[in-house]
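**Q** Dropping a structure here in C-alpha cells format, bear with me for questions.
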Amino acid sequence: MKYLLLDTNIFLDMVFSRTKSSPPETLLRLDNLLKWETISLIVPEIVIVETQRHIHNLINEIPNNVNNILKMLEESYWINIEAELPKYKAVVKETSKSLKEYKLRMETNKENYMKGLRVRVNRLFSKATIIKTDNDLVFNVAKRKLFKKCPLHTNKQSDQDALIIETLLNIKNYIDIGPKDEIYFISRNYKDFSKSKAESDIFHDDIQNDLSEAGLIGTIKYRNLLFKTLKDDFDVEHITASEIQEEYDAFLVAQGENYSYSNYDYHADLADALDDEYNPND
C-alpha cells in the first residue's frame, strides 16, 4: 500500500490558488484515489487544526492583499506624454474597478467561501487515518527540542513541524506498515525539513539519521509537490481508480442514472456549503 502524509501547506495549496504547482485537478485526483481506496491518507491531528486555522486567516487576508495592490496602482506612474498618459490612466482605472468588485465579492461571501473550503478539506480528512497527539508524541517533541534537532535546531518556533516528524518516525506505533509499503511525505517547507534549499527534497541530516534508527529508510519518501508526485509516483493507482470509476459510471448508466457519481458526490457537497451565495451575480 502507498500512503500519503501531507503537510499543512499542501492542503492549503489545494484550496487556495497560491502556486502553479498545485492546479485544481490536484484535489480531484486525490479525492478519486481516496474514494476507491487505491491509496491511503495519513493525517496528524495537528495538520487538521493548523489547516482549519490557516483557512480562516488566509480568507481574511485576501481583502488586505487587494488593498495593497490597489495602493500600488494608485502610486504607480507612467511616461508623461500626452498620447500615452490618458491610456495608462484608463487601464489603471479599469483594473482598480475590477479589483474592488472582487474585494466586495469576498467581503460579502466570506463565510460561504470559508465554509466551502472547509467542506473540501474535511472530505479528505474523513477518508484519512487520523493520528491523535498522545503523550508519547508530545514527549518526543520535547526531547527533540531539548537536543535542538531539526526542525527545532533554530530559534524558530516549529513545534508543529516537529510533531509531524515525530509522527512519521513513530508511524509503526499507529499503523501496521508492511515491508513493501511506502509513505510519501510532501511539504514545500524546505526550511524546516530539508537538507538545504538546493536539496529541498532531501531530509535534513537529523531527520535522515532518525529515520535510519527507526528502520524507515526506503519506507518514507520525501517530496515537495503533490500534483507532480501523484503523476510520477501514483500513476498506476490513478489508472486503477479511473478504471473503477468508469465501471461504476457504466453501472449507473445501466441503472438509468444520467450522471457521474464522482462529479455529483464532490460538487454536491460543495454546492450545499456555498449555497446560492457562491455565485451571487450569476
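A note on labels: chains of the C-alpha cells are A, B, ... as shown, every chain counts residues from 1, and ligands are counted from 1 in their shown order.
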Would you mind listing what lies within 9 Å of stretch 65-82 of chain A as a list in words, with only C-alpha atoms counted and same-chain residues fewer than 5 positions away left out?
**A**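 Selected residues are Tyr88, Lys89, Val92, Lys93, Thr95, Ser96, Leu99, Lys100, Tyr102 and Lys103 of chain A.
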**Q** Deliver the residues from the most recent selection as a file, using N, CA, C and O atoms, as a PDB file, in the first residue's frame.
**A**
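The resulting file, result_28.pdb, is shown below:
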```
ATOM      1  N   TYR A  88      -2.892  54.989 -20.159  1.00  0.00           N
ATOM      2  CA  TYR A  88      -2.433  54.286 -18.954  1.00  0.00           C
ATOM      3  C   TYR A  88      -3.415  54.493 -17.801  1.00  0.00           C
ATOM      4  O   TYR A  88      -3.779  53.537 -17.099  1.00  0.00           O
ATOM      5  N   LYS A  89      -3.848  55.736 -17.604  1.00  0.00           N
ATOM      6  CA  LYS A  89      -4.780  56.023 -16.511  1.00  0.00           C
ATOM      7  C   LYS A  89      -6.098  55.275 -16.690  1.00  0.00           C
ATOM      8  O   LYS A  89      -6.715  54.833 -15.719  1.00  0.00           O
ATOM      9  N   VAL A  92      -5.483  51.689 -15.564  1.00  0.00           N
ATOM     10  CA  VAL A  92      -5.418  51.640 -14.099  1.00  0.00           C
ATOM     11  C   VAL A  92      -6.814  51.754 -13.502  1.00  0.00           C
ATOM     12  O   VAL A  92      -7.179  51.022 -12.563  1.00  0.00           O
ATOM     13  N   LYS A  93      -7.618  52.647 -14.045  1.00  0.00           N
ATOM     14  CA  LYS A  93      -8.979  52.840 -13.541  1.00  0.00           C
ATOM     15  C   LYS A  93      -9.819  51.579 -13.699  1.00  0.00           C
ATOM     16  O   LYS A  93     -10.536  51.163 -12.778  1.00  0.00           O
ATOM     17  N   THR A  95      -8.705  48.463 -14.112  1.00  0.00           N
ATOM     18  CA  THR A  95      -8.149  47.408 -13.268  1.00  0.00           C
ATOM     19  C   THR A  95      -8.567  47.589 -11.817  1.00  0.00           C
ATOM     20  O   THR A  95      -8.950  46.630 -11.139  1.00  0.00           O
ATOM     21  N   SER A  96      -8.514  48.824 -11.345  1.00  0.00           N
ATOM     22  CA  SER A  96      -8.916  49.120  -9.967  1.00  0.00           C
ATOM     23  C   SER A  96     -10.388  48.795  -9.740  1.00  0.00           C
ATOM     24  O   SER A  96     -10.765  48.246  -8.700  1.00  0.00           O
ATOM     25  N   LEU A  99     -10.767  44.995  -9.442  1.00  0.00           N
ATOM     26  CA  LEU A  99     -10.239  44.509  -8.169  1.00  0.00           C
ATOM     27  C   LEU A  99     -11.188  44.852  -7.011  1.00  0.00           C
ATOM     28  O   LEU A  99     -11.402  44.042  -6.105  1.00  0.00           O
ATOM     29  N   LYS A 100     -11.765  46.034  -7.042  1.00  0.00           N
ATOM     30  CA  LYS A 100     -12.703  46.443  -5.995  1.00  0.00           C
ATOM     31  C   LYS A 100     -13.960  45.566  -6.022  1.00  0.00           C
ATOM     32  O   LYS A 100     -14.530  45.251  -4.975  1.00  0.00           O
ATOM     33  N   TYR A 102     -14.035  42.402  -6.955  1.00  0.00           N
ATOM     34  CA  TYR A 102     -13.669  41.112  -6.362  1.00  0.00           C
ATOM     35  C   TYR A 102     -13.475  41.217  -4.855  1.00  0.00           C
ATOM     36  O   TYR A 102     -13.791  40.292  -4.110  1.00  0.00           O
ATOM     37  N   LYS A 103     -12.976  42.360  -4.402  1.00  0.00           N
ATOM     38  CA  LYS A 103     -12.853  42.578  -2.965  1.00  0.00           C
ATOM     39  C   LYS A 103     -14.227  42.573  -2.305  1.00  0.00           C
ATOM     40  O   LYS A 103     -14.433  41.938  -1.254  1.00  0.00           O
TER      41      LYS A 103
END
```
**Q** So that each row is one residue of stretch 97-138 of chain A with an atom at most 12 Å from stretch 175-183 of chain A, can you give its shortest atom pair and the distance in Å to one decimal, using only C-alpha atoms, rows by chain and rising number, as CSV?
**A**
```
residue,atom,partner,partner_atom,distance
A:Ala128,CA,A:Ile175,CA,11.9
A:Thr129,CA,A:Ile175,CA,8.6
A:Ile130,CA,A:Ile175,CA,10.2
A:Ile131,CA,A:Ile175,CA,9.1
```
**Q** Rank nothing, just name the residue among A:Ala250, A:Phe227, A:Pro63, A:Leu4 nearest to A:Thr108, using only C-alpha atoms.
**A** A:Pro63
**Q** By how many Å are atom CA of A:Ser126 and atom CA of A:Glu37 apart?
**A**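 The value is 12.7 Å.
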**Q** Ranking A:Val47, A:Val236, A:Ile244, A:Leu216 by minimum distance to A:Lys2 and counting only C-alpha atoms, which one comes first?
**A**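 Among the listed residues, A:Val236 lies closest to A:Lys2.
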**Q** Extract, using only C-alpha atoms, all DNA, RNA and protein residues at most 10 Å from stretch 155-166 of chain A, discarding same-chain residues fewer than 2 positions from it, and format them as a ChimeraX atom specification.
**A** /A:5-8,43-47,50,131,133,136-142,144-145,148-153,168-171,185,189,192-193,207,210-211
**Q** From the options A:Lys20, A:Lys87, A:Lys197, A:Arg120, which residue's atoms come nearest to A:Leu225, counting only C-alpha atoms?
**A**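 For A:Leu225, the nearest of the candidates is A:Lys20.
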**Q** List the spatial neighbours of A:Arg29 as a ChimeraX atom specification - criterion: any atom at most 10 Å away, only C-alpha atoms, same-chain residues fewer than 3 positions off excluded.
**A** /A:24-26,32-35,227,230-231,238,241-242
**Q** Emit the selected residues as a PDB file, in the first residue's frame, including C-alpha atoms.
**A**
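Final output, saved to again_37.pdb:
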```
ATOM      1  CA  PRO A  24      -7.383  22.489  -9.422  1.00  0.00           C
ATOM      2  CA  GLU A  25      -7.014  18.961 -10.797  1.00  0.00           C
ATOM      3  CA  THR A  26      -4.869  18.057  -7.775  1.00  0.00           C
ATOM      4  CA  ASN A  32     -10.710   9.978  -6.555  1.00  0.00           C
ATOM      5  CA  LEU A  33      -7.728   7.942  -5.331  1.00  0.00           C
ATOM      6  CA  LEU A  34      -9.042   8.005  -1.785  1.00  0.00           C
ATOM      7  CA  LYS A  35     -12.632   7.279  -2.760  1.00  0.00           C
ATOM      8  CA  PHE A 227       0.474  17.084  -8.085  1.00  0.00           C
ATOM      9  CA  LEU A 230       0.574  11.990  -7.892  1.00  0.00           C
ATOM     10  CA  LYS A 231       1.526  11.932 -11.571  1.00  0.00           C
ATOM     11  CA  HIS A 238      -4.669   6.696 -10.639  1.00  0.00           C
ATOM     12  CA  ALA A 241      -9.082   4.325  -9.679  1.00  0.00           C
ATOM     13  CA  SER A 242     -10.119   5.735 -13.065  1.00  0.00           C
TER      14      SER A 242
END
```
**Q** For the structure I just gave you, how does DSSP split stretch 160-250 of chain A - specifically, which residues are helix (DSSP H, G or I)? Reply as a VMD selection string.
**A** chain A and resid 160 to 169 171 to 173 190 to 193 205 to 213 226 to 233 235 to 250
